[in-house]
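A.B. asks: One file: query_15.cif (mmCIF, C-alpha atoms).
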data_upload
#
loop_
_atom_site.label_atom_id
_atom_site.label_comp_id
_atom_site.auth_asym_id
_atom_site.auth_seq_id
_atom_site.Cartn_x
_atom_site.Cartn_y
_atom_site.Cartn_z
CA MET E 1 74.07 119.54 83.11
CA THR E 2 74.63 116.96 85.84
CA ASP E 3 75.89 114.48 83.25
CA PHE E 4 78.33 117.03 81.87
CA LEU E 5 79.65 117.87 85.35
CA PHE E 6 79.98 114.19 86.17
CA PHE E 7 82.14 113.55 83.12
CA LEU E 8 84.14 116.75 83.68
CA PHE E 9 84.94 115.85 87.30
CA SER E 10 85.72 112.24 86.36
CA ALA E 11 88.15 113.32 83.66
CA MET E 12 89.78 115.84 86.00
CA ALA E 13 90.15 113.24 88.76
CA VAL E 14 91.72 110.59 86.52
CA LEU E 15 94.03 112.97 84.64
CA SER E 16 95.35 114.71 87.73
CA ALA E 17 95.80 111.34 89.48
CA ILE E 18 97.95 110.18 86.55
CA PHE E 19 99.91 113.46 86.62
CA MET E 20 100.35 113.01 90.38
CA VAL E 21 102.02 109.62 89.82
CA MET E 22 104.15 110.85 86.90
CA GLN E 23 105.36 114.14 88.41
CA SER E 24 108.97 114.14 89.64
CA ASN E 25 108.59 117.24 91.83
CA PRO E 26 106.81 116.25 95.09
CA VAL E 27 105.19 119.69 95.52
CA ALA E 28 103.58 119.52 92.06
CA SER E 29 102.50 115.99 92.93
CA VAL E 30 100.73 117.22 96.07
CA LEU E 31 98.97 119.97 94.10
CA TYR E 32 97.71 117.48 91.50
CA LEU E 33 96.42 115.29 94.33
CA VAL E 34 94.52 118.32 95.71
CA VAL E 35 92.89 118.73 92.28
CA THR E 36 91.89 115.05 92.39
CA PHE E 37 90.36 115.50 95.84
CA PHE E 38 88.40 118.57 94.74
CA SER E 39 87.01 116.73 91.72
CA LEU E 40 86.08 113.80 93.94
CA SER E 41 84.21 116.13 96.27
CA GLY E 42 82.31 117.47 93.25
CA LEU E 43 81.42 113.88 92.38
CA PHE E 44 80.24 113.34 95.97
CA VAL E 45 77.84 116.26 95.54
CA ILE E 46 76.50 114.73 92.33
CA LEU E 47 76.06 111.42 94.17
CA ASP E 48 73.94 113.07 96.93
CA ALA E 49 76.64 113.03 99.63
CA HIS E 50 76.76 116.75 100.37
CA PHE E 51 78.11 116.46 103.91
CA ILE E 52 80.84 114.04 102.84
CA ALA E 53 81.80 116.44 100.05
CA ALA E 54 82.29 119.26 102.57
CA VAL E 55 84.29 117.01 104.91
CA GLN E 56 86.39 115.87 101.95
CA VAL E 57 87.38 119.44 101.10
CA ILE E 58 88.06 120.44 104.71
CA VAL E 59 89.88 117.33 105.93
CA TYR E 60 91.56 115.95 102.81
CA ALA E 61 92.19 118.90 100.53
CA GLY E 62 92.74 121.19 103.52
CA ALA E 63 94.29 119.45 106.49
CA ILE E 64 95.98 116.30 105.18
CA MET E 65 97.47 117.90 102.08
CA VAL E 66 98.83 120.81 104.13
CA LEU E 67 100.46 118.21 106.38
CA PHE E 68 102.08 116.60 103.33
CA LEU E 69 103.32 119.96 102.02
CA PHE E 70 104.64 120.77 105.47
CA VAL E 71 106.65 117.55 105.66
CA ILE E 72 108.02 118.07 102.13
CA MET E 73 109.10 121.56 103.18
CA LEU E 74 110.61 120.27 106.43
CA LEU E 75 112.62 117.59 104.62
CA ASN E 76 113.58 120.09 101.90
CA LEU E 77 112.48 117.81 99.05
CA GLY E 78 110.77 120.53 97.01
CA SER E 79 113.59 121.05 94.57
CA ALA E 80 114.24 117.38 93.86
CA GLU E 81 114.34 117.25 90.06
CA VAL E 82 115.81 113.75 89.90
CA GLY E 83 113.09 111.36 88.81
CA ASP E 84 112.45 108.47 91.15
CA LEU E 85 110.35 106.34 88.82
CA ARG E 86 111.40 102.71 88.86
CA ARG E 87 112.51 101.53 85.43
CA GLY E 88 111.87 98.56 83.16
CA LEU E 89 110.34 95.48 84.69
CA SER E 90 108.60 97.17 87.60
CA GLN E 91 106.88 99.69 85.30
CA LEU E 92 105.61 96.76 83.28
CA LEU E 93 104.53 95.03 86.48
CA ALA E 94 102.75 98.14 87.78
CA GLY E 95 100.95 98.67 84.48
CA SER E 96 99.76 95.10 84.23
CA VAL E 97 98.66 94.99 87.89
CA ALA E 98 96.68 98.21 87.36
CA VAL E 99 94.96 96.92 84.21
CA ALA E 100 94.18 93.60 85.89
CA LEU E 101 92.69 95.41 88.91
CA VAL E 102 90.43 97.54 86.71
CA ALA E 103 89.29 94.41 84.86
CA VAL E 104 88.58 92.52 88.09
CA PHE E 105 86.65 95.41 89.65
CA ALA E 106 84.68 96.06 86.47
CA ARG E 107 83.76 92.38 86.32
CA LEU E 108 82.71 92.46 89.99
CA PHE E 109 80.70 95.66 89.74
CA LEU E 110 79.13 95.34 86.31
CA VAL E 111 78.55 91.61 86.06
CA GLU E 112 74.78 92.01 85.84
CA THR E 113 72.24 94.66 86.61
CA ASP E 114 70.87 94.18 90.07
CA PRO E 115 67.06 94.20 89.82
CA ALA E 116 66.93 95.94 93.21
CA VAL E 117 68.66 99.02 91.80
CA PRO E 118 66.11 101.84 91.80
CA GLU E 119 65.57 104.22 88.89
CA ALA E 120 66.35 107.31 90.96
CA SER E 121 68.49 107.83 94.05
CA ALA E 122 67.37 105.84 97.12
CA LEU E 123 68.41 108.77 99.32
CA ASP E 124 66.06 111.35 97.79
CA PRO E 125 63.16 110.89 100.27
CA LEU E 126 65.54 110.92 103.25
CA LEU E 127 67.35 114.07 102.06
CA GLU E 128 63.99 115.64 101.28
CA ALA E 129 62.74 114.96 104.82
CA GLN E 130 65.84 115.67 106.94
CA GLY E 131 68.29 117.68 104.89
CA ALA E 132 71.83 116.69 103.95
CA VAL E 133 73.49 117.05 107.37
CA ALA E 134 70.75 115.63 109.59
CA ALA E 135 70.47 112.54 107.39
CA VAL E 136 74.10 111.70 108.22
CA ALA E 137 74.07 113.00 111.80
CA GLU E 138 71.02 111.07 113.00
CA PRO E 139 72.45 107.53 112.52
CA LEU E 140 75.95 108.75 113.41
CA PHE E 141 74.83 109.78 116.90
CA THR E 142 72.46 106.86 117.52
CA ARG E 143 73.37 103.58 115.85
CA TYR E 144 77.06 104.38 115.30
CA LEU E 145 77.63 106.27 118.56
CA VAL E 146 80.15 103.79 120.00
CA ALA E 147 82.22 103.79 116.81
CA PHE E 148 82.10 107.58 116.78
CA GLU E 149 83.45 107.81 120.34
CA VAL E 150 86.15 105.22 119.62
CA THR E 151 87.22 107.36 116.66
CA SER E 152 87.95 110.23 119.02
CA VAL E 153 90.22 107.94 121.07
CA LEU E 154 91.92 106.85 117.83
CA LEU E 155 92.62 110.47 116.88
CA LEU E 156 94.06 111.15 120.34
CA VAL E 157 96.34 108.11 120.05
CA ALA E 158 97.41 109.27 116.58
CA VAL E 159 98.31 112.73 117.88
CA VAL E 160 100.34 111.33 120.76
CA GLY E 161 101.99 108.78 118.47
CA ALA E 162 102.92 111.40 115.89
CA VAL E 163 104.49 113.61 118.57
CA VAL E 164 106.46 110.69 120.05
CA LEU E 165 107.69 109.50 116.65
CA ALA E 166 108.65 112.89 115.26
CA ARG E 167 110.37 114.07 118.44
CA ARG E 168 114.12 114.51 118.24
CA ARG E 169 115.95 111.88 120.27
CA ALA E 170 117.77 113.31 123.28
CA PRO E 171 121.55 113.05 122.65
CA MET H 1 70.99 109.70 83.55
CA ASN H 2 69.31 106.93 85.53
CA ALA H 3 70.67 105.86 88.89
CA GLY H 4 71.96 102.46 87.82
CA TYR H 5 73.95 103.82 84.89
CA LEU H 6 75.41 106.67 86.95
CA ALA H 7 76.36 104.15 89.65
CA ASP H 8 78.10 101.92 87.09
CA LEU H 9 80.14 104.84 85.78
CA ALA H 10 81.10 105.96 89.30
CA LEU H 11 82.16 102.43 90.26
CA VAL H 12 84.33 102.11 87.16
CA LEU H 13 85.87 105.50 87.97
CA SER H 14 86.63 104.35 91.50
CA ALA H 15 88.24 101.17 90.12
CA VAL H 16 90.38 103.26 87.76
CA LEU H 17 91.49 105.62 90.54
CA PHE H 18 92.32 102.68 92.81
CA ALA H 19 94.38 101.09 90.02
CA ILE H 20 96.27 104.36 89.46
CA GLY H 21 97.04 104.38 93.18
CA VAL H 22 98.32 100.80 93.09
CA GLY H 23 100.42 101.57 90.01
CA GLY H 24 101.87 104.60 91.77
CA VAL H 25 102.83 102.56 94.84
CA LEU H 26 104.59 100.03 92.61
CA VAL H 27 106.35 102.53 90.36
CA ARG H 28 107.57 105.32 92.66
CA ARG H 29 110.47 105.22 95.11
CA ASN H 30 109.78 108.48 96.96
CA ALA H 31 108.15 107.42 100.25
CA ILE H 32 105.98 110.55 100.44
CA ILE H 33 104.54 110.03 96.97
CA VAL H 34 103.91 106.35 97.72
CA PHE H 35 102.01 107.54 100.79
CA MET H 36 99.99 109.97 98.67
CA CYS H 37 99.08 107.09 96.36
CA VAL H 38 97.74 105.23 99.41
CA GLU H 39 95.56 108.26 100.19
CA LEU H 40 94.33 108.17 96.59
CA MET H 41 93.34 104.52 97.02
CA LEU H 42 91.42 105.36 100.21
CA ASN H 43 89.57 108.05 98.28
CA ALA H 44 88.71 105.66 95.46
CA VAL H 45 87.16 103.34 98.04
CA ASN H 46 85.25 106.30 99.51
CA LEU H 47 83.82 107.01 96.06
CA SER H 48 82.52 103.46 95.69
CA LEU H 49 81.06 103.56 99.23
CA VAL H 50 79.22 106.80 98.42
CA THR H 51 77.91 105.25 95.21
CA PHE H 52 76.60 102.19 97.02
CA SER H 53 75.12 104.44 99.68
CA ARG H 54 73.11 106.18 96.96
CA LEU H 55 71.63 102.85 95.93
CA HIS H 56 71.10 101.19 99.32
CA GLY H 57 70.76 103.80 102.08
CA ILE H 58 72.71 106.27 104.19
CA ASP H 59 75.05 103.83 106.02
CA GLY H 60 77.70 103.98 103.31
CA GLN H 61 78.20 107.68 103.94
CA ILE H 62 78.72 107.03 107.66
CA ILE H 63 81.43 104.50 106.82
CA VAL H 64 83.06 107.10 104.56
CA PHE H 65 83.07 109.49 107.52
CA PHE H 66 84.97 106.92 109.60
CA VAL H 67 87.33 106.16 106.74
CA ILE H 68 88.19 109.86 106.47
CA SER H 69 88.93 110.17 110.19
CA VAL H 70 91.08 107.01 110.16
CA ALA H 71 92.89 108.37 107.09
CA ALA H 72 93.65 111.59 108.97
CA ALA H 73 95.12 109.62 111.88
CA GLU H 74 97.07 107.42 109.49
CA ALA H 75 98.49 110.43 107.63
CA ALA H 76 99.73 112.00 110.88
CA VAL H 77 101.42 108.82 112.12
CA GLY H 78 102.78 107.87 108.70
CA LEU H 79 104.35 111.27 108.07
CA ALA H 80 105.89 111.19 111.55
CA LEU H 81 107.38 107.79 110.68
CA ILE H 82 108.78 109.14 107.40
CA LEU H 83 110.25 112.07 109.34
CA ALA H 84 111.91 109.72 111.86
CA ILE H 85 113.31 107.52 109.08
CA PHE H 86 114.57 110.58 107.19
CA ARG H 87 116.48 111.71 110.29
CA HIS H 88 118.37 108.43 110.23
CA TYR H 89 118.93 107.79 106.52
CA GLU H 90 118.90 111.40 105.19
CA THR H 91 116.72 110.23 102.28
CA VAL H 92 113.13 109.17 101.56
CA ASP H 93 114.12 106.72 98.82
CA LEU H 94 112.43 103.41 99.59
CA GLU H 95 115.34 101.48 98.04
CA ALA H 96 117.58 102.84 100.81
CA PHE H 97 115.50 101.35 103.62
CA ARG H 98 116.98 97.89 103.82
CA ARG H 99 117.28 97.22 107.55
CA LEU H 100 114.42 96.67 109.97
CA ARG H 101 116.23 97.89 113.09
CA TRP H 102 118.81 100.52 113.78
#
Show the structure stored in the file as structure tokens.
C.D. replies:
Amino acid sequence: MTDFLFFLFSAMAVLSAIFMVMQSNPVASVLYLVVTFFSLSGLFVILDAHFIAAVQVIVYAGAIMVLFLFVIMLLNLGSAEVGDLRRGLSQLLAGSVAVALVAVFARLFLVETDPAVPEASALDPLLEAQGAVAAVAEPLFTRYLVAFEVTSVLLLVAVVGAVVLARRRAP
Amino acid sequence: MNAGYLADLALVLSAVLFAIGVGGVLVRRNAIIVFMCVELMLNAVNLSLVTFSRLHGIDGQIIVFFVISVAAAEAAVGLALILAIFRHYETVDLEAFRRLRW
């Protein structure tokens, strides 16, 4: 069952990512990207990252994609039926760069089986003992506390920056 | 499915998604869709981090958490930039952005 779901979510993620790139209507593109994000969050559940899966749905599929839709609506791009795909040479370039990247990553990742790789998930005992949220929260609020606090400053700066940039200039 | 095999498949999937993102950045001219392709690349990296975290311990998931919050900040600022550029050029076509200052 897990294997089947893994392949289902993988196929959904790849296909909707390709549709996202190929779609000429930006709104349809955003919706395909939401499908990709949902499939990825399903994959995160399969890979024992339950908390990350929930955050993925809330932050990415919820907040960020709504922001994108909002900007598309604000700029009135929803009805753009004119394709904006680059033609000829740059399609060839993009295709070959993509294939080369997949080859390089596959070579990096699959070059040999690491003998340290365990048979089952290394997280199972931790998740068993603490549960999915506490396993992430405990290091987040101890070892990574400084980074966590700095992130809040970063978000504040981003909010202020977005307001300053998007503000209408006074005439 | 054993953990090593599942991890290999997930890593190949993340490589494929990253490559689709790169291809999208190279092939599209709509700034918003290029930006969405960047988000797709960030997500592909998140997938590989989660996979490695399954093999080596919980720290990968923490890094994914930070990546997601940085991506949220980046999306807000980037869309505000696109909005400001659109006000000036009346288009989001990347070919139209030829000058660095205005």
A.B. asks: Can you check which residues of chain H have any atom within 6 Å of chain E? Use all atoms listed in the file and format it as an MDAnalysis selection string.
C.D. replies: chainID H and resid 2:3 15:16 19 23:24 26:29 54:55 73 76:77 80 84
A.B. asks: Between atom CA of H:Phe52 and atom CA of H:Ala7, what distance in Å does the model show, to one decimal?
C.D. replies: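 Between atom CA of H:Phe52 and atom CA of H:Ala7 the gap is 7.6 Å.
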A.B. asks: Could you state the separation of atom CA of E:Ser16 and atom CA of E:Tyr32 in Å, given to one decimal place?
C.D. replies: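 About the pair atom CA of E:Ser16 and atom CA of E:Tyr32: they are 5.2 Å apart.
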A.B. asks: I'd like to see the residues matched by the PyMOL selection byres ((chain H and resi 61) around 8) on this file, and ideally I'd get them as a PyMOL selection string.
C.D. replies: (chain E and resi 49+52+136) or (chain H and resi 49-50+53+58-60+62-65)
A.B. asks: Write the selection just made, keeping C-alpha atoms, as a tab-separated table (two decimals), in the frame of the given file?
C.D. replies:
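result-v6.tsv, written as the output of this step:
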chain	number	residue	atom	x	y	z
E	49	ALA	CA	76.64	113.03	99.63
E	52	ILE	CA	80.84	114.04	102.84
E	136	VAL	CA	74.10	111.70	108.22
H	49	LEU	CA	81.06	103.56	99.23
H	50	VAL	CA	79.22	106.80	98.42
H	53	SER	CA	75.12	104.44	99.68
H	58	ILE	CA	72.71	106.27	104.19
H	59	ASP	CA	75.05	103.83	106.02
H	60	GLY	CA	77.70	103.98	103.31
H	62	ILE	CA	78.72	107.03	107.66
H	63	ILE	CA	81.43	104.50	106.82
H	64	VAL	CA	83.06	107.10	104.56
H	65	PHE	CA	83.07	109.49	107.52
A.B. asks: Using Å and a single decimal, report how far atom CA of H:Asn30 sits from atom CA of H:Glu95.
C.D. replies: 9.0 Å
A.B. asks: Rank H:Asp8, H:Gly57, H:Ile32, H:Leu42 by their smallest atom-to-atom distance to E:Pro125, using only C-alpha atoms, and report the top residue only.
C.D. replies: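 Looking only at the distances to E:Pro125, the closest residue turns out to be H:Gly57.
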A.B. asks: For the point (99.7, 108.0, 94.3) in the file's frame, write as number ranges by chain all residues with an atom no more than 7 Å away, counting all atoms listed in the file.
C.D. replies: E: 20-21; H: 20-21, 24-25, 33-38, 40
A.B. asks: Please, could N, CA, C and O atoms be added to stretch 84-102 of chain H and the result written as a CSV table (one decimal), in the frame of the given file?
C.D. replies:
chain,number,residue,atom,x,y,z
H,84,ALA,N,110.9,110.4,111.0
H,84,ALA,CA,111.9,109.7,111.9
H,84,ALA,C,112.9,108.9,111.0
H,84,ALA,O,114.1,108.9,111.3
H,85,ILE,N,112.4,108.3,110.0
H,85,ILE,CA,113.3,107.5,109.1
H,85,ILE,C,114.3,108.5,108.3
H,85,ILE,O,115.4,108.2,108.2
H,86,PHE,N,113.7,109.6,107.9
H,86,PHE,CA,114.6,110.6,107.2
H,86,PHE,C,115.7,111.1,108.1
H,86,PHE,O,116.8,111.3,107.6
H,87,ARG,N,115.4,111.3,109.4
H,87,ARG,CA,116.5,111.7,110.3
H,87,ARG,C,117.6,110.7,110.3
H,87,ARG,O,118.8,111.1,110.5
H,88,HIS,N,117.3,109.4,110.2
H,88,HIS,CA,118.4,108.4,110.2
H,88,HIS,C,119.1,108.2,108.9
H,88,HIS,O,120.3,108.2,108.9
H,89,TYR,N,118.3,108.1,107.8
H,89,TYR,CA,118.9,107.8,106.5
H,89,TYR,C,119.3,109.0,105.7
H,89,TYR,O,119.9,108.9,104.6
H,90,GLU,N,118.7,110.2,106.0
H,90,GLU,CA,118.9,111.4,105.2
H,90,GLU,C,118.3,111.2,103.8
H,90,GLU,O,118.8,111.9,102.8
H,91,THR,N,117.4,110.4,103.6
H,91,THR,CA,116.7,110.2,102.3
H,91,THR,C,115.3,109.6,102.5
H,91,THR,O,115.0,109.1,103.5
H,92,VAL,N,114.4,109.8,101.5
H,92,VAL,CA,113.1,109.2,101.6
H,92,VAL,C,113.0,108.1,100.5
H,92,VAL,O,111.9,107.7,100.1
H,93,ASP,N,114.1,107.7,99.9
H,93,ASP,CA,114.1,106.7,98.8
H,93,ASP,C,113.9,105.3,99.4
H,93,ASP,O,114.6,104.9,100.3
H,94,LEU,N,112.8,104.7,99.0
H,94,LEU,CA,112.4,103.4,99.6
H,94,LEU,C,113.5,102.3,99.4
H,94,LEU,O,113.6,101.4,100.1
H,95,GLU,N,114.3,102.5,98.3
H,95,GLU,CA,115.3,101.5,98.0
H,95,GLU,C,116.4,101.5,99.1
H,95,GLU,O,117.1,100.6,99.3
H,96,ALA,N,116.5,102.7,99.8
H,96,ALA,CA,117.6,102.8,100.8
H,96,ALA,C,117.2,102.2,102.1
H,96,ALA,O,118.1,102.0,103.0
H,97,PHE,N,115.9,101.9,102.3
H,97,PHE,CA,115.5,101.4,103.6
H,97,PHE,C,115.6,99.8,103.5
H,97,PHE,O,114.7,99.1,103.1
H,98,ARG,N,116.8,99.3,104.0
H,98,ARG,CA,117.0,97.9,103.8
H,98,ARG,C,117.0,97.2,105.2
H,98,ARG,O,116.9,95.9,105.2
H,99,ARG,N,117.2,97.9,106.3
H,99,ARG,CA,117.3,97.2,107.6
H,99,ARG,C,116.0,97.5,108.4
H,99,ARG,O,115.4,98.6,108.3
H,100,LEU,N,115.6,96.5,109.2
H,100,LEU,CA,114.4,96.7,110.0
H,100,LEU,C,114.7,97.3,111.3
H,100,LEU,O,113.9,97.9,111.9
H,101,ARG,N,116.0,97.2,111.8
H,101,ARG,CA,116.2,97.9,113.1
H,101,ARG,C,117.5,98.7,113.0
H,101,ARG,O,118.4,98.4,112.1
H,102,TRP,N,117.6,99.8,113.8
H,102,TRP,CA,118.8,100.5,113.8
H,102,TRP,C,119.1,101.0,115.2
H,102,TRP,O,118.2,100.9,116.0
